[in-house]
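What follows is one structure encoded as structure tokens, with my remarks underneath.
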Amino acid sequence: MDNLVIQFLQAVPQVVAAAYQETSAAVTETVDTAALSLFTVNNVWMMLATGLVFIMHLGFASLESGLTRSKNTVNVLFKNTITPAIGLLTYALVGFSLMYPGFENGTSMDFFGFAGFGLTFPENGNTSAYNPGYTFWTDFLFQGMFAATCATIVSGAVAERIKLEAYVVFTLVYVSLAYPIIGSWKWGYGWLNTLGFYDFAGSTLVHSVGGWGALAGILVLGPRVGKYIDGKINPIPGHSMPLAVIGVFMLWLGWFGFNGGSVLSADPGLTSLVLVTTSLAAAAGAMGAMLTSFFIFKKHDLSMVLNGILGGLVGITAGADQMGVVDAVIIGVISGVLVVVAVVLFDKAKLDDPVGALSVHLVCGVFGTLAVGLFGAKAGMSQLVTQLIGVGACGAAAFVVAYVTFFVIKKTMGVRVTKQEEVEGLDVYEHGMAAYAPNVTNEMVAIQ
Amino acid sequence: MDNLVIQFLQAVPQVVAAAYQETSAAVTETVDTAALSLFTVNNVWMMLATGLVFIMHLGFASLESGLTRSKNTVNVLFKNTITPAIGLLTYALVGFSLMYPGFENGTSMDFFGFAGFGLTFPENGNTSAYNPGYTFWTDFLFQGMFAATCATIVSGAVAERIKLEAYVVFTLVYVSLAYPIIGSWKWGYGWLNTLGFYDFAGSTLVHSVGGWGALAGILVLGPRVGKYIDGKINPIPGHSMPLAVIGVFMLWLGWFGFNGGSVLSADPGLTSLVLVTTSLAAAAGAMGAMLTSFFIFKKHDLSMVLNGILGGLVGITAGADQMGVVDAVIIGVISGVLVVVAVVLFDKAKLDDPVGALSVHLVCGVFGTLAVGLFGAKAGMSQLVTQLIGVGACGAAAFVVAYVTFFVIKKTMGVRVTKQEEVEGLDVYEHGMAAYAPNVTNEMVAIQ
Amino acid sequence: MDNLVIQFLQAVPQVVAAAYQETSAAVTETVDTAALSLFTVNNVWMMLATGLVFIMHLGFASLESGLTRSKNTVNVLFKNTITPAIGLLTYALVGFSLMYPGFENGTSMDFFGFAGFGLTFPENGNTSAYNPGYTFWTDFLFQGMFAATCATIVSGAVAERIKLEAYVVFTLVYVSLAYPIIGSWKWGYGWLNTLGFYDFAGSTLVHSVGGWGALAGILVLGPRVGKYIDGKINPIPGHSMPLAVIGVFMLWLGWFGFNGGSVLSADPGLTSLVLVTTSLAAAAGAMGAMLTSFFIFKKHDLSMVLNGILGGLVGITAGADQMGVVDAVIIGVISGVLVVVAVVLFDKAKLDDPVGALSVHLVCGVFGTLAVGLFGAKAGMSQLVTQLIGVGACGAAAFVVAYVTFFVIKKTMGVRVTKQEEVEGLDVYEHGMAAYAPNVTNEMVAIQ
């Protein structure tokens with residue numbers, strides 16, 4: 001028996017090991033499938049968020065052309081069409097490397113870094129080792145779509161009087177240098193991030209940076225011909241409210257990706273919370289602007305409601321993942337009120353902003369960033385002070401760069417079209433075509 | 001040797017246990033990852049469905065403004081813009097709690113319940129324990145987007161003559177009370193659900209409820225000035241067919257979320273079947289309406305084709321998950337025919353419905369609900385009877401509430417604009433602006 | 001002790017087996033969950049890609065109506081609205097079975113096959129055994145949305161002069177027979193696939209096939225009245241540039257699904273690479289066309305930039321998964337240049353193409369297919385030769401079928417509207433309505 005026992009005993013570890021290994025192999029394979037599956041769904045969400053941010057460019061194109069005059073519509077559309085093209089190409093060339101230069105998360109006090117020209121695909125770029133939420137390609141494209149929105153914000157404020165070439169040069173500077181470098185301070189793990197500055201999806205880094213650029217452009221360009229005559233403000237209504245409405249709905253939809261994608265994964269709790277706070281702030285912004293404008297103007301002003309929605313969206317953006325339902329509604333209402341009041345005040349200050357970009361993106365961008373210190377999970381005096389530092393630093397940098405750029409353009413190539421061109425419309429002079437051509441061939445045919 | 005044997009034997013259980021536990025830990029972790037992954041993809045699908053239902057509001061805004069006159073365009077757009085805002089806010093305040101009051105699935109014969117004001121985040125709200133298909137936040141937002149569509153349906157039918165304030169008050173009542181309470185009968189597990197009534201995505205609960213509200217509004221308001229003169233029907237064509245087409249495509253796309261999201265998870269078989277039946281019914285609706293309208297009017301009527309698509313979509317909605325390919329095509333064709341015939345009959349009955357909302361949402365909503373008893377997996381006499389009960393009960397409740405609401409509004413604040421306002425256009429009177437402003441400053445400049 | 005030892009020893013295998021089985025059951029369940037999760041996310045991506053391809057039909061409707069005259073807008077919209085409807089229904093009836101007739105992957109040299117009328121749901125159609133990337137329903141709907149785009153391409157080229165019935169008959173033939181049979185040569189695993197021809201998402205199979213159909217239509221129809229008079233080219237500008245811009249943005253967005261979905265799963269690395277190459281090619285196409293058209297015409301031509309974007313998208317489509325960042329930009333720039341040059345040359349050849357469909361879909365479709373042999377992972381002389389064979393074979397087949405179809409239509413029912421109808425507009429004659437109706441009832445009311 002002894003031999004048998006010994007043989008048997010010797011076999012025990014192998015039996016156990018075999019059973020273990022068999023199971024273990026199945027487990028390993030399943031671990032891989034489960035992990036791949038989670039990575040894939042995260043990446044799908046981020047790709048769709050990228051598509052949604054892309055469609056914001058159609059939103060801006062529609063909104064800005066709708067709120068300006070038909071004689072300049074081709075010009076507005078042209079700018080909004082080439083802006084994402086320029087944005088993506090320059091972001092591939094330098095922007096992505098400026099925004100994510102490799103600062104060390106948590107300790108870096110860096111202001112500037114550059115990871116080199118072009119896109120270098122990292123070895124693990126298609127795996128969750130690169131990032132659990134997305135591949136390298138998704139990372140680039142999502143951030144690239146963001147970058148282009150920043151310049152688009154400026155385009156609305158300088159519409160109907162800026163030279164096309166001047167706008168292109170400004171956009172090149174702003175999208176390829178100003179936006180990514182300022183962005184690196186927070187999202188690239190630079191000094192503002194180390195200080196504890198919080199800007200979830202870019203109330204400051206995207207919207208107020210765009211807004212400061214808009215302010216610089218307005219200051220350098222001056223108001224449109226006929227807007228302020230003898231101290232009187234002449235409203236210049238937009239030529240198509242349906243276009244403006246299409247634009248705002250596209251932007252609201254796009255914000256599902258702008259804020260929802262800023263979670264940087266498909267985390268169910270966070271992404272869905274962000275969509276709720278975002279939509280409630282938009283809805284509350286509409287109500288805030290509707291009531292405020294009715295109180296002031298005694299009429300139901302559609303463009304104010306539209307800008308109220310956008311104000312609510314910009315306002316919630318810095319803290320969309322930190323707020324509760326009530327916070328989001330309060331932030332939305334305040335943003336809606338602010339938009340209307342700001343439109344009136346900027347007009348009194350003779351800052352001619354055809355689409356209300358300053359009120360929406362600058363004012364609500366600043367408010368939304370400060371709101372992180374006033375409402376929600378991060379509220380507190382020290383956070384508020386840090387938010388103020390971020391707002392001030394990004395604002396100063398953005399405004400100075402934008403102002404200098406516009407000023408140099410003005411002194412060299414010229415920034416503004418001639419008065420004749422402005423009066424007759426930029427479409428004929430810069431583009432040789434009308435946005436709405438009549439049925440031209442009928443007459444030709446009649447005389448054939 | 002004996003001691004050795006004993007020692008060894010004593011060790012065996014530990015070895016086995018250790019191997020088991022090690023594997024088991026890996027398994028547990030993987031079970032978690034796999035489960036989280038499935039939950040995440042379900043939630044991603046539902047969030048995207050939410051975005052798609054949201055964009056239906058742009059669809060309605062475009063369609064309704066396209067099918068009405070340019071003098072009322074700002075007014076139509078204004079209503080369609082604030083409706084989702086009001087809808088979301090009131091749904092957060094009371095609607096969600098009225099629609100899902102906690103009735104017991106399968107046994108409840110309840111007509112009314114209320115879970116309390118505001119949104120209370122449940123402890124497990126971000127996990128699959130709340131629901132395997134979505135988080136609490138996604139649940140609220142998806143249902144909230146649905147709620148607002150119900151009022152939007154009414155807005156088209158009452159367009160071009162209703163006072164803005166009257167519409168707002170009606171919307172508040174209908175979205176915050178009527179829609180969620182009626183909805184609770186089925187989707188909140190109330191008495192209709194217990195009876196076996198089936199309405200997959202809301203042919204009755206959304207579309208016919210909206211349609212009954214539209215009918216009540218049309219009856220209380222009366223026809224537009226100039227529509228019926230001396231017994232003659234004067235067609236009042238819409239001012240922009242491109243807008244109408246944009247609207248219908250947005251609605252068709254949105255229906256991917258409306259029906260696809262009503263699966264309440266990303267279940268591959270069910271969701272993809274639903275998209276197929278939905279799209280085939282839309283396509284068949286287009287064909288049904290195209291041929292019927294050509295047969296009746298001897299021309300290719302674009303607005304009929306557009307309404308045929310919508311009719312097909314509404315018709316398939318109640319049973320989109322129960323139908324096969326052939327069922328879907330038949331339901332679509334019948335819906336397309338019904339829409340055209342209904343438009344003609346409603347006009348003969350002098351029920352003035354500027355956008356055809358009654359034909360699309362009420363007629364095809366009722367037909368689609370009954371179709372569940374006539375075609376597909378649930379077809380049968382007893383199901384048909386149950387469907388009839390549901391159609392009747394929801395219709396009676398919706399119509400009575402809507403009629404009383406409109407009637408009280410009429411007797412108190414007034415429901416209709418003055419004749420002068422209607423003739424000159426609501427845009428100037430209620431909003432002080434035109435949808436399509438001319439290039440106003442040229443003249444000012446010329447005389448400077 | 002011996003008995004004890006023996007008893008114990010006898011128990012060991014059971015203990016191990018029990019531990020193994022318990023773990024194993026958990027593993028099996030998790031394997032299922034993990035696999036289901038991956039299948040579900042793949043299917044979600046493919047369903048969303050389907051939705052995005054669907055919205056391309058709105059893109060074409062907007063683009064084509066924007067680039068043509070307002071007197072024909074209802075007609076253009078009508079065609080673009082019924083095309084996806086006809087496409088889906090015929091694809092369900094015969095197209096899907098013609099395109100995927102069951103040729104053997106890798107060895108088939110088949111030219112034609114037919115799997116039978118209608119859709120037969122396979123037993124495993126909702127599982128990953130059907131395809132790891134999607135269900136049977138998703139497969140059908142994604143491919144069906146593709147099919148309809150092919151006819152839509154033709155609709156733009158023949159706009160403003162083709163009879164509606166002639167277009168419908170052509171579409172029936174082209175979508176239900178020509179497109180799926182030619183498609184089966186590659187995507188259905190026919191002879192071109194066996195030869196090694198590569199066409200990732202359809203530069204040839206969709207776009208150039210559509211383009212050849214467009215060329216045949218233009219040849220049979222002849223130019224629009226008034227376009228070429230006494231050897232002079234009279235540009236006929238489109239009536240709404242905002243519509244054209246909305247169209248192009250919708251198409252770019254739709255291409256996220258057109259190319260992204262052609263990966264046929266949600267594979268993170270491949271899908272995200274494809275989105276990057278697609279978007280960079282679009283951006284580079286915009287720049288190529290902007291600079292080329294400015295060089296030739298000395299103005300900033302918006303419609304050229306729009307067509308440059310589309311050209312870049314068509315150009316990258318055949319090899320979107322084979323290219324690097326630099327390849328994509330080069331292909332985009334070349335496509336943008338080609339579009340502008342081709343528009344000029346086609347006009348000189350008096351081929352009247354109202355929307356530039358030949359330049360975008362035919363020229364860039366051919367170039368993009370050849371680009372697979374010139375750039376990226378598959379570059380090489382033998383691949384280039386194979387690509388040429390594919391381009392030639394598909395082109396010859398498509399052109400001959402299209403030409404014969406249009407010719408037979410011309411000789412039987414007639415292909416072109418009367419000159420009076422063309423001059424006064426197709427909207428009045430074929431549809432009895434205007435795209436932009438004035439506020440008709442005011443006058444009626446005034447005389448009441």
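Each chain in the structure tokens gets a letter, A, B and so on, in the order shown; residues start at 1 in every chain, and ligands are counted from 1 in the order they appear.
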Would you mind listing, for every residue of chain A within 7 Å of chain B, the two atoms forming the shortest contact and the distance between them in Å to one decimal, using only C-alpha atoms, sorted by chain and ascending residue number, as a Markdown table?
| residue | atom | partner | partner_atom | distance |
| --- | --- | --- | --- | --- |
| A:Val16 | CA | B:Val16 | CA | 6.3 |
| A:Tyr20 | CA | B:Ala19 | CA | 6.2 |
| A:Ser24 | CA | B:Thr23 | CA | 6.3 |
| A:Val27 | CA | B:Val27 | CA | 6.3 |
| A:Val31 | CA | B:Thr30 | CA | 5.4 |
| A:Ala34 | CA | B:Ala34 | CA | 4.7 |
| A:Ala35 | CA | B:Thr33 | CA | 6.6 |
| A:Ser37 | CA | B:Ser37 | CA | 6.2 |
| A:Leu38 | CA | B:Ser37 | CA | 4.7 |
| A:Val41 | CA | B:Val41 | CA | 5.8 |
| A:Trp45 | CA | B:Val44 | CA | 6.8 |
| A:Arg69 | CA | B:Asn439 | CA | 5.7 |
| A:Ser70 | CA | B:Asn439 | CA | 6.7 |
| A:Gly226 | CA | B:Val445 | CA | 5.8 |
| A:Ile236 | CA | B:Val440 | CA | 6.8 |
| A:Pro237 | CA | B:Ala437 | CA | 6.2 |
| A:Gly238 | CA | B:Ala437 | CA | 6.2 |
| A:His239 | CA | B:Ala437 | CA | 4.6 |
| A:Ser240 | CA | B:Tyr436 | CA | 4.7 |
| A:Met241 | CA | B:Ala435 | CA | 4.9 |
| A:Ile246 | CA | B:Leu58 | CA | 6.7 |
| A:Phe249 | CA | B:Leu58 | CA | 6.2 |
| A:Leu253 | CA | B:Gly51 | CA | 6.5 |
| A:Ala266 | CA | B:Thr40 | CA | 6.7 |
| A:Asp267 | CA | B:Thr40 | CA | 6.8 |
| A:Pro268 | CA | B:Thr40 | CA | 5.6 |
| A:Gly269 | CA | B:Asn126 | CA | 4.8 |
| A:Ser272 | CA | B:Thr138 | CA | 5.4 |
| A:Leu273 | CA | B:Trp137 | CA | 5.7 |
| A:Val276 | CA | B:Leu141 | CA | 6.3 |
| A:Leu280 | CA | B:Leu89 | CA | 6.8 |
| A:Ala283 | CA | B:Ala85 | CA | 4.1 |
| A:Ala284 | CA | B:Ala85 | CA | 7.0 |
| A:Ala286 | CA | B:Ala85 | CA | 6.7 |
| A:Lys299 | CA | B:His431 | CA | 5.3 |
| A:His300 | CA | B:His431 | CA | 4.8 |
| A:Asp301 | CA | B:His431 | CA | 5.7 |
| A:Leu302 | CA | B:Phe78 | CA | 5.8 |
| A:Val423 | CA | B:Asn442 | CA | 5.9 |
Neighbours of stretch 383-392 of chain B within 7 Å (only C-alpha atoms; same-chain residues fewer than 2 positions away dropped), as a list in words? Leu192, Gly196, Phe197, Tyr198, Thr204, Val366, Thr369, Leu370, Gly373, Leu374, Lys378, Ala379, Gly380, Met381, Cys394, Gly395 and Ala396 of chain B
Considering only C-alpha atoms, state which residue in the set B:Val417, B:Ile309, B:Val339, B:Ile182 is at the smallest distance from B:Val209. B:Ile182
Run DSSP on the backbone of this structure and report the residues of stretch 109-313 of chain C it assigns to strand (DSSP E or B), as a list in words.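 Matching residues for strand (DSSP E or B) in stretch 109-313 of chain C are Ile162, Tyr228, Ile229, Lys232 and Ile233 of chain C.
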As a VMD selection string, list the residues of stretch 139-206 of chain B assigned to alpha helix (DSSP H) by DSSP on the backbone atoms of this structure. chain B and resid 139 to 157 164 to 173 179 to 186 191 to 195
For a test of reading the model, state the distance in Å between atom CA of B:Ala342 and atom CA of B:Leu177, rounded to one decimal. 29.0 Å
Please measure the separation of atom CA of C:Thr405 and atom CA of C:Val173, giving the value in Å to one decimal. 7.7 Å
Which residues, written as a VMD selection string, have at least one atom at most 7 Å from B:Ala115, with only C-alpha atoms counted and residues fewer than 4 positions away on the same chain left out? chain B and resid 97 to 98 101
Among listed residues B:Gly190, B:Met109, B:Thr149, B:Lys163, nearest B:Leu426 (using only C-alpha atoms):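 Nearest candidate to B:Leu426 out of B:Gly190, B:Met109, B:Thr149, B:Lys163: B:Lys163.
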Quick one: residues within 12 Å of B:Val344, only C-alpha atoms counted, chain neighbours fewer than 6 positions away excluded, as a list of chain:residue names? B:Ile233, B:Pro235, B:Thr292, B:Ser293, B:Ile296, B:Phe297, B:Met304, B:Val337, B:Leu338, B:Lys350, B:Leu351, B:Asp352, B:Asp353, B:Gly356, B:Leu358, B:Ser359
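Rounded to one decimal, atom CA of B:Glu165 and atom CA of B:Gly222 lie 17.6 Å from each other.
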